[in-house]
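Visitor: Sharing a structure below in structure tokens format, with a few things to ask.
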Amino acid sequence: MNNANTAQAMYALNINQTADLIGTIGRDITVVVQGNMGTGKSSIINILADRFPNHKPVYLDCTTLTDSADMFMVKYSEDGKTFKTVPLEDLGLHLPDQPIILMLDEIGKCNRSVILACNRIMLERKHSGYELHPDSIVFATTNLGTEGLGDLLPAHTRNRITVVTMRNPDNMEFIEDFGINNDLDPALLGFCKEKPELFHSFEQYENPEENPYIPHPRANRVAFTTPRSLHRASDILKKREQLCELDKHGNKIYPQLTAALVGTIGDRAALDLAAFIALADKLPTREQIETDPMNAPVPDSPAAVCMVVYRALATIERKWVDPWLTYMNRLSKEAQGLFVNGVRAPQYSRRDYVVQNKKYQDWCMANNYMFSADK
């Protein structure tokens with residue numbers, strides 16, 4: 001690894017740090033975010049839209065543009081003696097009175113003429129007589145050049161922008177910052193907790209066989225695990241009751257489910273996950289916990305307990321916080337801490353349901369060696 005790459009790795013940012021940087025300097029400087037495929041770079045526009053509600057988010061998929069002619073159309077001026085260009089709506093240049101957040105997605109993969117047409121927008125926030133609102137934020141995304149996906153920028157374009165590297169989320173960041181808030185399948189979240197290597201970067205492995213789950217430029221893997229493909233796997237898992245069959249002993253088997261997972265996250269991850277989800281059939285139902293928390297079954301497997309906790313975090317409502325906390329106290333301290341850590345995550349969308357509950361506050365007081373009550 002050369003010195004430049006070493007420095008980039010040392011100062012790689014997580015997704016929230018990346019959004020913070022763009023939100024701070026993006027009015028004046030175009031930040032190009034590079035990172036592994038499928039790690040959520042495109043989601044930055046949603047984070048920024050939440051932070052800047054008065055800005056209109058504008059998304060431009062650069063890979064859909066054949067050349068610069070797709071971005072600007074020529075028309076005659078009113079006097080008919082000259083012509084001028086009219087910009088593509090997705091550039092937002094027609095909104096001079098509205099601050100926008102413009103994301104040039106996958107800029108490293110687009111046609112060279114498209115990159116050239118974007119240069120003035122990225123540097124000056126204007127083009128062909130049009131100018132963005134002065135509070136507008138512009139940023140772009142691209143894959144790492146070392147992934148071998150063809151993401152390259154000309155030197156004179158590179159000199160107009162600031163490139164930062166966004167690192168992969170680790171497994172707990174994926175679970176707590178994204179998975180729980182987006183209602184990902186509890187079995188998938190439990191699997192992610194047990195398999196932190198699913199979120200590693202190929203740059204950590206000289207030999208691709210050391211991690212058979214992830215994409216690697218030196219491995220011929222048609223399907224593989226990324227945060228994006230794991231999200232798709234969750235969508236498939238939610239349909240598993242429709243995709244199961246019964247064997248001659250009356251046990252559930254999942255041939256279609258496993259086939260779909262193989263084609264989504266790769267064979268090794270799919271087979272491991274298929275074995276893992278067999279635990280999900282042994283979980284207590286939410287109704288059992290809500291109506292009879294003292295007698296609802298507690299799974300024997302730590303992985304199954306983990307799934308119960310993640311399901312509670314993803315689905316809990318104010319009306320059943322009390323019975324959940326009663327049930328939770330029957331679990332191990334590790335499992336209780338897992339739930340409370342999820343509640344304490346800044347991005348947790350159901351936080352108020354739990355922290356305003358008297359039983360939760362009492363638990364925090366009784367376990368203040370682990371946590372303190374949130375206010």
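By convention in this document, the chains of the structure tokens carry letters A, B, ... by their order, each chain's residues are numbered from 1, and ligands are numbered from 1 in the order they are shown.
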Just want the 12 Å neighbourhood of range 254-266 of chain A, counted on only C-alpha atoms, with same-chain residues fewer than 5 positions away dropped. Output as a short mmCIF file (atom, residue, chain, number, x, y, z; two decimals) with N, CA, C and O atoms, in the first residue's frame.

Guide:
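Heads up, here's the output in part.cif:
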data_model
loop_
_atom_site.label_atom_id
_atom_site.label_comp_id
_atom_site.auth_asym_id
_atom_site.auth_seq_id
_atom_site.Cartn_x
_atom_site.Cartn_y
_atom_site.Cartn_z
N GLY A 38 -21.84 -0.49 -2.73
CA GLY A 38 -22.93 -0.99 -1.88
C GLY A 38 -22.83 -0.62 -0.43
O GLY A 38 -23.46 -1.26 0.41
N LEU A 188 -31.69 -11.54 9.95
CA LEU A 188 -30.58 -10.95 9.19
C LEU A 188 -29.69 -10.13 10.12
O LEU A 188 -28.46 -10.21 10.06
N LEU A 198 -18.55 -9.77 7.28
CA LEU A 198 -19.40 -9.41 6.14
C LEU A 198 -19.19 -7.96 5.72
O LEU A 198 -19.51 -7.59 4.58
N PRO A 212 -14.50 -15.11 2.08
CA PRO A 212 -15.28 -15.56 0.91
C PRO A 212 -16.60 -14.84 0.73
O PRO A 212 -17.33 -15.16 -0.22
N TYR A 213 -16.91 -13.89 1.60
CA TYR A 213 -18.23 -13.25 1.55
C TYR A 213 -18.27 -11.99 0.69
O TYR A 213 -19.28 -11.69 0.06
N ILE A 214 -17.20 -11.24 0.66
CA ILE A 214 -17.23 -9.87 0.15
C ILE A 214 -16.73 -9.78 -1.29
O ILE A 214 -16.05 -10.69 -1.77
N PRO A 215 -17.05 -8.68 -1.99
CA PRO A 215 -16.47 -8.51 -3.34
C PRO A 215 -14.97 -8.27 -3.24
O PRO A 215 -14.48 -7.62 -2.31
N ASN A 220 -13.53 -14.06 -8.65
CA ASN A 220 -14.60 -14.11 -9.65
C ASN A 220 -15.91 -14.48 -8.96
O ASN A 220 -16.37 -15.62 -9.04
N ARG A 221 -16.49 -13.51 -8.24
CA ARG A 221 -17.73 -13.76 -7.50
C ARG A 221 -18.87 -13.01 -8.17
O ARG A 221 -18.85 -11.79 -8.25
N VAL A 222 -19.87 -13.75 -8.60
CA VAL A 222 -21.01 -13.14 -9.28
C VAL A 222 -21.88 -12.41 -8.28
O VAL A 222 -22.40 -11.32 -8.54
N ALA A 223 -22.09 -12.97 -7.11
CA ALA A 223 -22.86 -12.35 -6.04
C ALA A 223 -22.00 -12.34 -4.77
O ALA A 223 -21.16 -13.22 -4.58
N PHE A 224 -22.22 -11.36 -3.92
CA PHE A 224 -21.39 -11.19 -2.73
C PHE A 224 -22.14 -10.31 -1.74
O PHE A 224 -23.20 -9.75 -2.04
N THR A 225 -21.58 -10.18 -0.55
CA THR A 225 -22.26 -9.41 0.49
C THR A 225 -21.71 -7.98 0.54
O THR A 225 -20.51 -7.76 0.58
N THR A 226 -22.63 -7.04 0.52
CA THR A 226 -22.37 -5.64 0.81
C THR A 226 -23.55 -5.18 1.67
O THR A 226 -24.58 -5.89 1.74
N PRO A 227 -23.47 -4.03 2.33
CA PRO A 227 -24.66 -3.54 3.03
C PRO A 227 -25.89 -3.46 2.13
O PRO A 227 -27.00 -3.77 2.56
N ARG A 228 -25.69 -3.08 0.87
CA ARG A 228 -26.83 -3.00 -0.06
C ARG A 228 -27.43 -4.38 -0.32
O ARG A 228 -28.66 -4.55 -0.29
N SER A 229 -26.60 -5.40 -0.58
CA SER A 229 -27.16 -6.72 -0.87
C SER A 229 -27.75 -7.36 0.39
O SER A 229 -28.71 -8.14 0.29
N LEU A 230 -27.22 -7.02 1.56
CA LEU A 230 -27.82 -7.52 2.80
C LEU A 230 -29.21 -6.93 3.02
O LEU A 230 -30.11 -7.59 3.53
N HIS A 231 -29.39 -5.66 2.63
CA HIS A 231 -30.72 -5.05 2.68
C HIS A 231 -31.69 -5.82 1.79
O HIS A 231 -32.83 -6.11 2.18
N ARG A 232 -31.25 -6.17 0.58
CA ARG A 232 -32.10 -6.95 -0.32
C ARG A 232 -32.38 -8.33 0.28
O ARG A 232 -33.50 -8.86 0.14
N ALA A 233 -31.39 -8.92 0.93
CA ALA A 233 -31.60 -10.23 1.56
C ALA A 233 -32.66 -10.14 2.65
O ALA A 233 -33.46 -11.07 2.81
N SER A 234 -32.68 -9.04 3.37
CA SER A 234 -33.71 -8.85 4.40
C SER A 234 -35.10 -8.84 3.78
O SER A 234 -36.05 -9.44 4.31
N ASP A 235 -35.25 -8.16 2.64
CA ASP A 235 -36.54 -8.12 1.95
C ASP A 235 -36.99 -9.54 1.57
O ASP A 235 -38.18 -9.87 1.64
N ILE A 236 -36.03 -10.36 1.15
CA ILE A 236 -36.36 -11.74 0.78
C ILE A 236 -36.74 -12.55 2.02
O ILE A 236 -37.72 -13.31 2.01
N LEU A 237 -36.00 -12.37 3.11
CA LEU A 237 -36.27 -13.12 4.33
C LEU A 237 -37.68 -12.85 4.86
O LEU A 237 -38.32 -13.73 5.46
N LYS A 238 -38.16 -11.64 4.67
CA LYS A 238 -39.50 -11.30 5.16
C LYS A 238 -40.60 -12.08 4.44
O LYS A 238 -41.73 -12.14 4.90
N LYS A 239 -40.25 -12.68 3.30
CA LYS A 239 -41.20 -13.48 2.53
C LYS A 239 -40.98 -14.97 2.75
O LYS A 239 -41.52 -15.79 2.01
N ARG A 240 -40.21 -15.35 3.76
CA ARG A 240 -39.80 -16.75 3.85
C ARG A 240 -40.96 -17.70 4.14
O ARG A 240 -40.91 -18.87 3.77
N GLU A 241 -42.02 -17.23 4.79
CA GLU A 241 -43.16 -18.12 5.03
C GLU A 241 -43.83 -18.52 3.72
O GLU A 241 -44.38 -19.61 3.59
N GLN A 242 -43.80 -17.63 2.72
CA GLN A 242 -44.36 -17.96 1.41
C GLN A 242 -43.41 -18.82 0.59
O GLN A 242 -43.80 -19.40 -0.42
N LEU A 243 -42.13 -18.88 1.02
CA LEU A 243 -41.12 -19.60 0.25
C LEU A 243 -40.69 -20.91 0.90
O LEU A 243 -39.71 -21.51 0.50
N CYS A 244 -41.43 -21.34 1.92
CA CYS A 244 -41.03 -22.57 2.60
C CYS A 244 -41.87 -23.76 2.14
O CYS A 244 -42.99 -23.59 1.63
N GLU A 245 -41.33 -24.95 2.33
CA GLU A 245 -42.03 -26.20 2.06
C GLU A 245 -41.85 -27.10 3.28
O GLU A 245 -41.03 -26.82 4.16
N LEU A 246 -42.60 -28.17 3.33
CA LEU A 246 -42.47 -29.14 4.42
C LEU A 246 -41.82 -30.41 3.88
O LEU A 246 -42.22 -30.92 2.82
N ASP A 247 -40.83 -30.92 4.60
CA ASP A 247 -40.24 -32.21 4.20
C ASP A 247 -41.13 -33.35 4.72
O ASP A 247 -42.19 -33.13 5.32
N LEU A 271 -25.69 -19.81 2.35
CA LEU A 271 -25.79 -21.10 3.04
C LEU A 271 -25.62 -20.91 4.55
O LEU A 271 -26.32 -21.56 5.34
N ASP A 272 -24.73 -20.03 4.96
CA ASP A 272 -24.57 -19.74 6.39
C ASP A 272 -25.83 -19.10 6.95
O ASP A 272 -26.28 -19.43 8.06
N LEU A 273 -26.42 -18.16 6.20
CA LEU A 273 -27.63 -17.49 6.66
C LEU A 273 -28.81 -18.45 6.70
O LEU A 273 -29.63 -18.40 7.63
N ALA A 274 -28.91 -19.34 5.72
CA ALA A 274 -30.00 -20.31 5.70
C ALA A 274 -29.97 -21.19 6.95
O ALA A 274 -31.02 -21.51 7.52
N ALA A 275 -28.78 -21.57 7.38
CA ALA A 275 -28.66 -22.35 8.61
C ALA A 275 -29.05 -21.51 9.83
O ALA A 275 -29.68 -21.99 10.77
N PHE A 276 -28.70 -20.24 9.75
CA PHE A 276 -28.96 -19.35 10.88
C PHE A 276 -30.45 -19.10 11.07
O PHE A 276 -30.95 -19.03 12.19
N ILE A 277 -31.21 -18.96 9.97
CA ILE A 277 -32.61 -18.58 10.10
C ILE A 277 -33.47 -19.72 10.63
O ILE A 277 -34.62 -19.49 11.03
N ALA A 278 -32.94 -20.94 10.65
CA ALA A 278 -33.70 -22.03 11.28
C ALA A 278 -33.99 -21.70 12.74
O ALA A 278 -35.00 -22.15 13.30
#

Visitor: Please list as a PDB file with N, CA, C and O atoms, in the first residue's frame every residue within 10 Å of range 48-50 of chain A, counting only C-alpha atoms and excluding residues in the same chain fewer than 2 positions away.

Guide:
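In the end it all went to around-v1.pdb:
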ATOM      1  N   ASN A  16     -21.865   9.232   8.671  1.00  0.00           N
ATOM      2  CA  ASN A  16     -22.316  10.460   9.341  1.00  0.00           C
ATOM      3  C   ASN A  16     -21.231  11.528   9.350  1.00  0.00           C
ATOM      4  O   ASN A  16     -21.526  12.718   9.188  1.00  0.00           O
ATOM      5  N   ALA A  19     -21.288  13.005   5.886  1.00  0.00           N
ATOM      6  CA  ALA A  19     -22.396  13.950   5.733  1.00  0.00           C
ATOM      7  C   ALA A  19     -22.099  15.257   6.475  1.00  0.00           C
ATOM      8  O   ALA A  19     -22.423  16.349   5.980  1.00  0.00           O
ATOM      9  N   ASP A  20     -21.481  15.169   7.655  1.00  0.00           N
ATOM     10  CA  ASP A  20     -21.103  16.382   8.397  1.00  0.00           C
ATOM     11  C   ASP A  20     -20.166  17.256   7.568  1.00  0.00           C
ATOM     12  O   ASP A  20     -20.324  18.481   7.504  1.00  0.00           O
ATOM     13  N   ILE A  22     -19.726  17.308   4.255  1.00  0.00           N
ATOM     14  CA  ILE A  22     -20.413  17.888   3.087  1.00  0.00           C
ATOM     15  C   ILE A  22     -21.334  19.017   3.522  1.00  0.00           C
ATOM     16  O   ILE A  22     -21.391  20.072   2.880  1.00  0.00           O
ATOM     17  N   GLY A  23     -22.045  18.821   4.622  1.00  0.00           N
ATOM     18  CA  GLY A  23     -22.940  19.861   5.102  1.00  0.00           C
ATOM     19  C   GLY A  23     -22.215  21.125   5.512  1.00  0.00           C
ATOM     20  O   GLY A  23     -22.766  22.233   5.433  1.00  0.00           O
ATOM     21  N   SER A  43     -26.892   7.133   0.078  1.00  0.00           N
ATOM     22  CA  SER A  43     -27.801   7.478   1.175  1.00  0.00           C
ATOM     23  C   SER A  43     -27.445   8.805   1.826  1.00  0.00           C
ATOM     24  O   SER A  43     -28.236   9.328   2.615  1.00  0.00           O
ATOM     25  N   ILE A  44     -26.269   9.326   1.509  1.00  0.00           N
ATOM     26  CA  ILE A  44     -25.861  10.601   2.119  1.00  0.00           C
ATOM     27  C   ILE A  44     -26.861  11.702   1.791  1.00  0.00           C
ATOM     28  O   ILE A  44     -27.121  12.584   2.615  1.00  0.00           O
ATOM     29  N   ILE A  45     -27.448  11.670   0.596  1.00  0.00           N
ATOM     30  CA  ILE A  45     -28.399  12.720   0.230  1.00  0.00           C
ATOM     31  C   ILE A  45     -29.611  12.710   1.157  1.00  0.00           C
ATOM     32  O   ILE A  45     -30.179  13.768   1.474  1.00  0.00           O
ATOM     33  N   ASN A  46     -30.019  11.530   1.639  1.00  0.00           N
ATOM     34  CA  ASN A  46     -31.148  11.458   2.566  1.00  0.00           C
ATOM     35  C   ASN A  46     -30.780  12.030   3.932  1.00  0.00           C
ATOM     36  O   ASN A  46     -31.599  12.710   4.574  1.00  0.00           O
ATOM     37  N   PHE A  52     -31.097  19.507   6.350  1.00  0.00           N
ATOM     38  CA  PHE A  52     -31.369  20.793   5.692  1.00  0.00           C
ATOM     39  C   PHE A  52     -32.762  20.733   5.059  1.00  0.00           C
ATOM     40  O   PHE A  52     -32.903  20.600   3.841  1.00  0.00           O
ATOM     41  N   PRO A  53     -33.817  20.832   5.883  1.00  0.00           N
ATOM     42  CA  PRO A  53     -35.177  20.650   5.360  1.00  0.00           C
ATOM     43  C   PRO A  53     -35.621  21.720   4.368  1.00  0.00           C
ATOM     44  O   PRO A  53     -36.589  21.509   3.632  1.00  0.00           O
ATOM     45  N   ASN A  54     -34.932  22.873   4.343  1.00  0.00           N
ATOM     46  CA  ASN A  54     -35.306  23.929   3.395  1.00  0.00           C
ATOM     47  C   ASN A  54     -34.643  23.753   2.030  1.00  0.00           C
ATOM     48  O   ASN A  54     -34.893  24.535   1.108  1.00  0.00           O
ATOM     49  N   HIS A  55     -33.767  22.756   1.912  1.00  0.00           N
ATOM     50  CA  HIS A  55     -33.108  22.463   0.639  1.00  0.00           C
ATOM     51  C   HIS A  55     -33.884  21.387  -0.113  1.00  0.00           C
ATOM     52  O   HIS A  55     -34.407  20.449   0.497  1.00  0.00           O
ATOM     53  N   LYS A  56     -33.921  21.516  -1.413  1.00  0.00           N
ATOM     54  CA  LYS A  56     -34.564  20.496  -2.260  1.00  0.00           C
ATOM     55  C   LYS A  56     -33.498  19.485  -2.689  1.00  0.00           C
ATOM     56  O   LYS A  56     -32.516  19.848  -3.338  1.00  0.00           O
ATOM     57  N   PRO A  57     -33.660  18.208  -2.333  1.00  0.00           N
ATOM     58  CA  PRO A  57     -32.686  17.211  -2.795  1.00  0.00           C
ATOM     59  C   PRO A  57     -32.846  16.932  -4.291  1.00  0.00           C
ATOM     60  O   PRO A  57     -33.961  16.733  -4.783  1.00  0.00           O
ATOM     61  N   VAL A  58     -31.738  16.964  -5.012  1.00  0.00           N
ATOM     62  CA  VAL A  58     -31.739  16.736  -6.462  1.00  0.00           C
ATOM     63  C   VAL A  58     -30.724  15.640  -6.762  1.00  0.00           C
ATOM     64  O   VAL A  58     -29.535  15.786  -6.471  1.00  0.00           O
ATOM     65  N   ILE A 100     -30.584  23.927  -3.135  1.00  0.00           N
ATOM     66  CA  ILE A 100     -30.728  22.499  -3.411  1.00  0.00           C
ATOM     67  C   ILE A 100     -29.541  21.730  -2.832  1.00  0.00           C
ATOM     68  O   ILE A 100     -28.515  22.310  -2.453  1.00  0.00           O
ATOM     69  N   ILE A 101     -29.716  20.431  -2.742  1.00  0.00           N
ATOM     70  CA  ILE A 101     -28.616  19.498  -2.458  1.00  0.00           C
ATOM     71  C   ILE A 101     -28.470  18.652  -3.712  1.00  0.00           C
ATOM     72  O   ILE A 101     -29.317  17.796  -4.000  1.00  0.00           O
ATOM     73  N   ILE A 137     -25.811  22.982  -1.967  1.00  0.00           N
ATOM     74  CA  ILE A 137     -24.738  22.046  -1.614  1.00  0.00           C
ATOM     75  C   ILE A 137     -24.564  21.079  -2.777  1.00  0.00           C
ATOM     76  O   ILE A 137     -25.549  20.534  -3.287  1.00  0.00           O
TER      77      ILE A 137
END

Visitor: Could you pull the residues within 10 Å of range 171-181 of chain A, counting only C-alpha atoms, minus those fewer than 3 positions along the same chain, as a tab-separated table (two decimals) with C-alpha atoms, in the first residue's frame?

Guide:
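Generated file (result_18.tsv):
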chain	number	residue	atom	x	y	z
A	14	ASN	CA	-18.04	6.88	8.45
A	15	ILE	CA	-21.26	7.91	6.70
A	16	ASN	CA	-22.32	10.46	9.34
A	39	THR	CA	-21.88	0.77	1.32
A	40	GLY	CA	-24.49	3.54	1.35
A	168	ASN	CA	-17.49	0.52	5.24
A	184	LEU	CA	-34.56	-5.16	8.61
A	185	ASP	CA	-35.37	-8.77	9.37
A	186	PRO	CA	-34.24	-9.73	12.92
A	188	LEU	CA	-30.58	-10.95	9.19
A	189	LEU	CA	-29.50	-8.55	11.96
A	190	GLY	CA	-28.60	-11.45	14.24
A	191	PHE	CA	-26.55	-12.98	11.44
A	192	CYS	CA	-24.74	-9.66	10.91
A	193	LYS	CA	-23.87	-9.48	14.60
A	194	GLU	CA	-22.31	-12.93	14.44
A	195	LYS	CA	-20.42	-12.19	11.19
A	196	PRO	CA	-18.49	-8.89	11.38
A	197	GLU	CA	-16.39	-10.03	8.41
A	198	LEU	CA	-19.40	-9.41	6.14
A	199	PHE	CA	-18.56	-5.69	6.38
A	200	HIS	CA	-14.83	-5.83	5.78
A	227	PRO	CA	-24.66	-3.54	3.03
A	230	LEU	CA	-27.82	-7.52	2.80
A	231	HIS	CA	-30.72	-5.05	2.68
A	234	SER	CA	-33.71	-8.85	4.40
A	310	TYR	CA	-33.40	-6.86	17.50
A	311	ARG	CA	-37.03	-7.64	16.70
A	312	ALA	CA	-38.09	-5.71	19.82
A	313	LEU	CA	-35.91	-2.73	18.88
A	314	ALA	CA	-37.34	-2.66	15.36
A	315	THR	CA	-41.02	-3.00	16.31
A	341	ASN	CA	-27.23	0.04	23.56
A	342	GLY	CA	-29.67	0.01	20.64
A	343	VAL	CA	-31.99	2.43	22.44
A	344	ARG	CA	-29.11	4.78	23.24
A	345	ALA	CA	-27.96	4.98	19.62
A	346	PRO	CA	-28.47	8.62	18.49
A	347	GLN	CA	-30.23	7.59	15.28
A	348	TYR	CA	-32.70	5.19	16.96
A	349	SER	CA	-36.15	6.25	15.75
A	350	ARG	CA	-38.18	4.72	18.62

Visitor: Tell me which protein, DNA and RNA residues are within 9 Å of Ile121 in chain A, counting only C-alpha atoms, leaving out same-chain ones fewer than 3 positions away, and put them as a list in words.

Guide: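 Returned residues: Ala117, Cys118, Glu124, Arg125, Lys126, His127, Glu131, Leu132 and Val138 of chain A.
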
Visitor: Write the residues of the preceding selection, restricted to N, CA, C and O atoms, as a PDB file, in the first residue's frame.

Guide:
ATOM      1  N   ALA A 117     -18.796  18.356 -18.634  1.00  0.00           N
ATOM      2  CA  ALA A 117     -19.944  19.254 -18.508  1.00  0.00           C
ATOM      3  C   ALA A 117     -20.243  19.582 -17.050  1.00  0.00           C
ATOM      4  O   ALA A 117     -20.823  20.629 -16.754  1.00  0.00           O
ATOM      5  N   CYS A 118     -19.846  18.691 -16.149  1.00  0.00           N
ATOM      6  CA  CYS A 118     -20.087  18.917 -14.712  1.00  0.00           C
ATOM      7  C   CYS A 118     -19.015  19.796 -14.072  1.00  0.00           C
ATOM      8  O   CYS A 118     -19.204  20.296 -12.946  1.00  0.00           O
ATOM      9  N   GLU A 124     -17.834  26.198  -9.833  1.00  0.00           N
ATOM     10  CA  GLU A 124     -18.407  27.540  -9.739  1.00  0.00           C
ATOM     11  C   GLU A 124     -19.893  27.565  -9.391  1.00  0.00           C
ATOM     12  O   GLU A 124     -20.459  28.642  -9.171  1.00  0.00           O
ATOM     13  N   ARG A 125     -20.543  26.409  -9.376  1.00  0.00           N
ATOM     14  CA  ARG A 125     -21.988  26.337  -9.108  1.00  0.00           C
ATOM     15  C   ARG A 125     -22.801  27.056 -10.190  1.00  0.00           C
ATOM     16  O   ARG A 125     -23.866  27.593  -9.912  1.00  0.00           O
ATOM     17  N   LYS A 126     -22.314  27.072 -11.422  1.00  0.00           N
ATOM     18  CA  LYS A 126     -23.037  27.718 -12.512  1.00  0.00           C
ATOM     19  C   LYS A 126     -22.697  27.036 -13.824  1.00  0.00           C
ATOM     20  O   LYS A 126     -21.716  26.287 -13.926  1.00  0.00           O
ATOM     21  N   HIS A 127     -23.520  27.309 -14.838  1.00  0.00           N
ATOM     22  CA  HIS A 127     -23.270  26.773 -16.174  1.00  0.00           C
ATOM     23  C   HIS A 127     -24.203  27.468 -17.160  1.00  0.00           C
ATOM     24  O   HIS A 127     -25.401  27.623 -16.903  1.00  0.00           O
ATOM     25  N   GLU A 131     -27.262  29.739 -12.614  1.00  0.00           N
ATOM     26  CA  GLU A 131     -26.457  29.703 -11.398  1.00  0.00           C
ATOM     27  C   GLU A 131     -27.295  29.138 -10.263  1.00  0.00           C
ATOM     28  O   GLU A 131     -28.478  29.482 -10.097  1.00  0.00           O
ATOM     29  N   LEU A 132     -26.690  28.241  -9.482  1.00  0.00           N
ATOM     30  CA  LEU A 132     -27.391  27.674  -8.338  1.00  0.00           C
ATOM     31  C   LEU A 132     -27.578  28.722  -7.249  1.00  0.00           C
ATOM     32  O   LEU A 132     -26.816  29.688  -7.150  1.00  0.00           O
ATOM     33  N   VAL A 138     -23.325  20.885  -3.208  1.00  0.00           N
ATOM     34  CA  VAL A 138     -23.042  19.964  -4.315  1.00  0.00           C
ATOM     35  C   VAL A 138     -22.025  18.930  -3.843  1.00  0.00           C
ATOM     36  O   VAL A 138     -21.007  19.279  -3.239  1.00  0.00           O
TER      37      VAL A 138
END

Visitor: From a DSSP pass on the backbone, collect the residues of range 259-301 of chain A flagged as helix (DSSP H, G or I) and hand them back as a PyMOL selection string.

Guide: chain A and resi 259-265+267-282+286-291

Visitor: Write out as a PyMOL selection string which residues come within 7 Å of Thr165 in chain A when counting only C-alpha atoms, dropping same-chain ones fewer than 5 positions away.

Guide: chain A and resi 8+12-13+33-35

Visitor: Residues near Ser301 in chain A, anyone? I mean within 12 Å using only C-alpha atoms, not counting same-chain ones fewer than 2 positions away, as a PyMOL selection string.

Guide: chain A and resi 190+276+278-280+282-283+297-299+303-308+331-332+335

Visitor: Okay, now the selection with C-alpha atoms, as a PDB file, in the first residue's frame?

Guide:
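Saved as again24.pdb:
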ATOM      1  CA  GLY A 190     -28.597 -11.450  14.242  1.00  0.00           C
ATOM      2  CA  PHE A 276     -28.956 -19.346  10.884  1.00  0.00           C
ATOM      3  CA  ALA A 278     -33.697 -22.025  11.279  1.00  0.00           C
ATOM      4  CA  LEU A 279     -33.361 -20.466  14.728  1.00  0.00           C
ATOM      5  CA  ALA A 280     -36.027 -17.903  13.877  1.00  0.00           C
ATOM      6  CA  LYS A 282     -38.022 -21.128  17.620  1.00  0.00           C
ATOM      7  CA  LEU A 283     -38.470 -17.506  18.691  1.00  0.00           C
ATOM      8  CA  PRO A 297     -40.310 -18.844  26.197  1.00  0.00           C
ATOM      9  CA  VAL A 298     -36.699 -17.707  26.353  1.00  0.00           C
ATOM     10  CA  PRO A 299     -34.577 -19.240  23.565  1.00  0.00           C
ATOM     11  CA  ALA A 303     -28.065 -16.078  18.538  1.00  0.00           C
ATOM     12  CA  ALA A 304     -31.830 -16.586  18.873  1.00  0.00           C
ATOM     13  CA  VAL A 305     -31.912 -14.295  21.928  1.00  0.00           C
ATOM     14  CA  CYS A 306     -30.113 -11.706  19.816  1.00  0.00           C
ATOM     15  CA  MET A 307     -32.852 -11.972  17.187  1.00  0.00           C
ATOM     16  CA  VAL A 308     -35.548 -11.438  19.838  1.00  0.00           C
ATOM     17  CA  LEU A 331     -32.589 -12.516  29.561  1.00  0.00           C
ATOM     18  CA  SER A 332     -28.854 -12.414  30.185  1.00  0.00           C
ATOM     19  CA  ALA A 335     -28.797  -9.355  25.975  1.00  0.00           C
TER      20      ALA A 335
END

Visitor: Which of range 135-264 of chain A counts as strand (DSSP E) under DSSP, as a list in words please?

Guide: Ile137, Val138, Phe139, Ala140, Thr141, Thr142, Asn143, Thr162, Val163, Val164, Thr165, Glu245, Leu246, Lys252 and Ile253 of chain A

Visitor: With only C-alpha atoms as the atoms that count, which of A:Ser68, A:Val164, A:Asn111, A:Met73 lies nearest to Thr30 in chain A?

Guide: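 Distance minimum relative to Thr30 in chain A lands on A:Val164.
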
Visitor: Find the residues near range 288-294 of chain A: any atom within 10 Å, counting only C-alpha atoms, skip ones fewer than 2 places away on the same chain, and give them as a short mmCIF file (atom, residue, chain, number, x, y, z; two decimals) with N, CA and C atoms, in the first residue's frame.

Guide:
data_model
loop_
_atom_site.label_atom_id
_atom_site.label_comp_id
_atom_site.auth_asym_id
_atom_site.auth_seq_id
_atom_site.Cartn_x
_atom_site.Cartn_y
_atom_site.Cartn_z
N PRO A 284 -39.97 -16.80 20.50
CA PRO A 284 -41.29 -16.46 21.02
C PRO A 284 -41.92 -15.38 20.15
N THR A 285 -43.21 -15.43 19.99
CA THR A 285 -43.88 -14.41 19.19
C THR A 285 -43.98 -13.11 19.99
N ARG A 286 -44.16 -12.02 19.26
CA ARG A 286 -44.37 -10.74 19.93
C ARG A 286 -45.62 -10.81 20.81
N ALA A 296 -43.52 -16.29 28.56
CA ALA A 296 -43.11 -16.43 27.17
C ALA A 296 -41.75 -17.13 27.12
N PRO A 297 -41.57 -18.07 26.21
CA PRO A 297 -40.31 -18.84 26.20
C PRO A 297 -39.09 -17.98 25.92
N VAL A 298 -38.00 -18.34 26.59
CA VAL A 298 -36.70 -17.71 26.35
C VAL A 298 -35.84 -18.69 25.55
N ALA A 312 -37.46 -6.67 18.90
CA ALA A 312 -38.09 -5.71 19.82
C ALA A 312 -37.67 -4.29 19.48
N LYS A 319 -47.06 1.18 23.91
CA LYS A 319 -48.01 0.41 24.70
C LYS A 319 -47.45 -0.92 25.21
N TRP A 320 -46.37 -1.43 24.60
CA TRP A 320 -45.85 -2.70 25.11
C TRP A 320 -44.39 -2.62 25.57
N VAL A 321 -43.95 -1.42 25.91
CA VAL A 321 -42.61 -1.29 26.50
C VAL A 321 -42.57 -1.99 27.86
N ASP A 322 -43.62 -1.82 28.68
CA ASP A 322 -43.65 -2.46 30.01
C ASP A 322 -43.50 -3.98 29.93
N PRO A 323 -44.35 -4.67 29.15
CA PRO A 323 -44.16 -6.13 29.10
C PRO A 323 -42.83 -6.55 28.49
N TRP A 324 -42.34 -5.79 27.52
CA TRP A 324 -41.03 -6.14 26.98
C TRP A 324 -39.95 -6.06 28.05
N LEU A 325 -39.95 -4.99 28.85
CA LEU A 325 -38.92 -4.83 29.87
C LEU A 325 -39.04 -5.91 30.93
N THR A 326 -40.27 -6.35 31.22
CA THR A 326 -40.45 -7.48 32.14
C THR A 326 -39.81 -8.74 31.56
N TYR A 327 -40.08 -8.98 30.28
CA TYR A 327 -39.48 -10.14 29.61
C TYR A 327 -37.96 -9.99 29.51
N MET A 328 -37.49 -8.79 29.18
CA MET A 328 -36.06 -8.56 29.00
C MET A 328 -35.27 -8.91 30.26
N ASN A 329 -35.86 -8.67 31.43
CA ASN A 329 -35.15 -8.97 32.67
C ASN A 329 -34.95 -10.46 32.90
N ARG A 330 -35.59 -11.28 32.10
CA ARG A 330 -35.37 -12.72 32.16
C ARG A 330 -34.21 -13.14 31.26
#
